[in-house]
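Working notes, structure below.
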Amino acid sequence: QVQLVESGGGLVQPGGSLRLSCAPSGSIFSINYMGWYRQAPGKQRELVARILSGGITNYADSVKGRFTISRDNAKNTVYLQMNNLKPEDTAVYYCNVGTWGPDYWGQGTQVTVSS
């Protein structure tokens, strides 16, 4: 069973930056997209950013201009560069990979933005 391994979360002050990474533990074929979701306490999980197989990217309005998603195709690794972080970005961030077959989810990594 292939798993997605996330890293890079942590505690950061407002205005700071973090970079999340997500890599599969094995091979994943026929990837349509790779992306990041987040879930804050008491809220529904929401899409943060997604990168399609052709390189097209989508972002939530709340993170446009601050977050950048990128992908290393050779490693099937997806990154989320988060700049100018705000307290409202505090959440558990989940990596997601969509294929023509199953979808894959990471275990989640906590991002806390606080002074």
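How things are named: the first chain in the structure tokens is A, the next is B, and so on; residues count from 1 in each chain; ligands count from 1 in the order shown.
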
Residue contacts of stretch 72-81 of chain A (10 Å, only C-alpha atoms) excluding same-chain residues fewer than 3 positions away, as number ranges by chain: A: 4-8, 17-24, 26-29, 31, 33-36, 48-51, 53, 66-69, 95-97

Strand (DSSP E or B) residues, from DSSP on the backbone, in chain A, as JSON, numbers by chain: {"A": [4, 5, 6, 7, 10, 11, 12, 18, 19, 20, 21, 22, 23, 24, 31, 32, 33, 34, 35, 36, 37, 38, 39, 46, 47, 48, 49, 50, 51, 52, 57, 58, 59, 67, 68, 69, 70, 71, 72, 77, 78, 79, 80, 81, 82, 91, 92, 93, 94, 95, 96, 97, 98, 99, 103, 104, 105, 106, 109, 110, 111, 112, 113]}

A:Leu52, A:Tyr93, A:Lys86, A:Ala60 ranked by distance to A:Trp105, top pick (using only C-alpha atoms): A:Tyr93

Å distance separating atom CA of A:Asp61 from atom CA of A:Asp103, one decimal place: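 Atom CA of A:Asp61 sits 24.2 Å away from atom CA of A:Asp103.
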
Point-to-point distance in Å for atom CA of A:Tyr104 and atom CA of A:Arg45: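 Between atom CA of A:Arg45 and atom CA of A:Tyr104 the gap is 15.2 Å.
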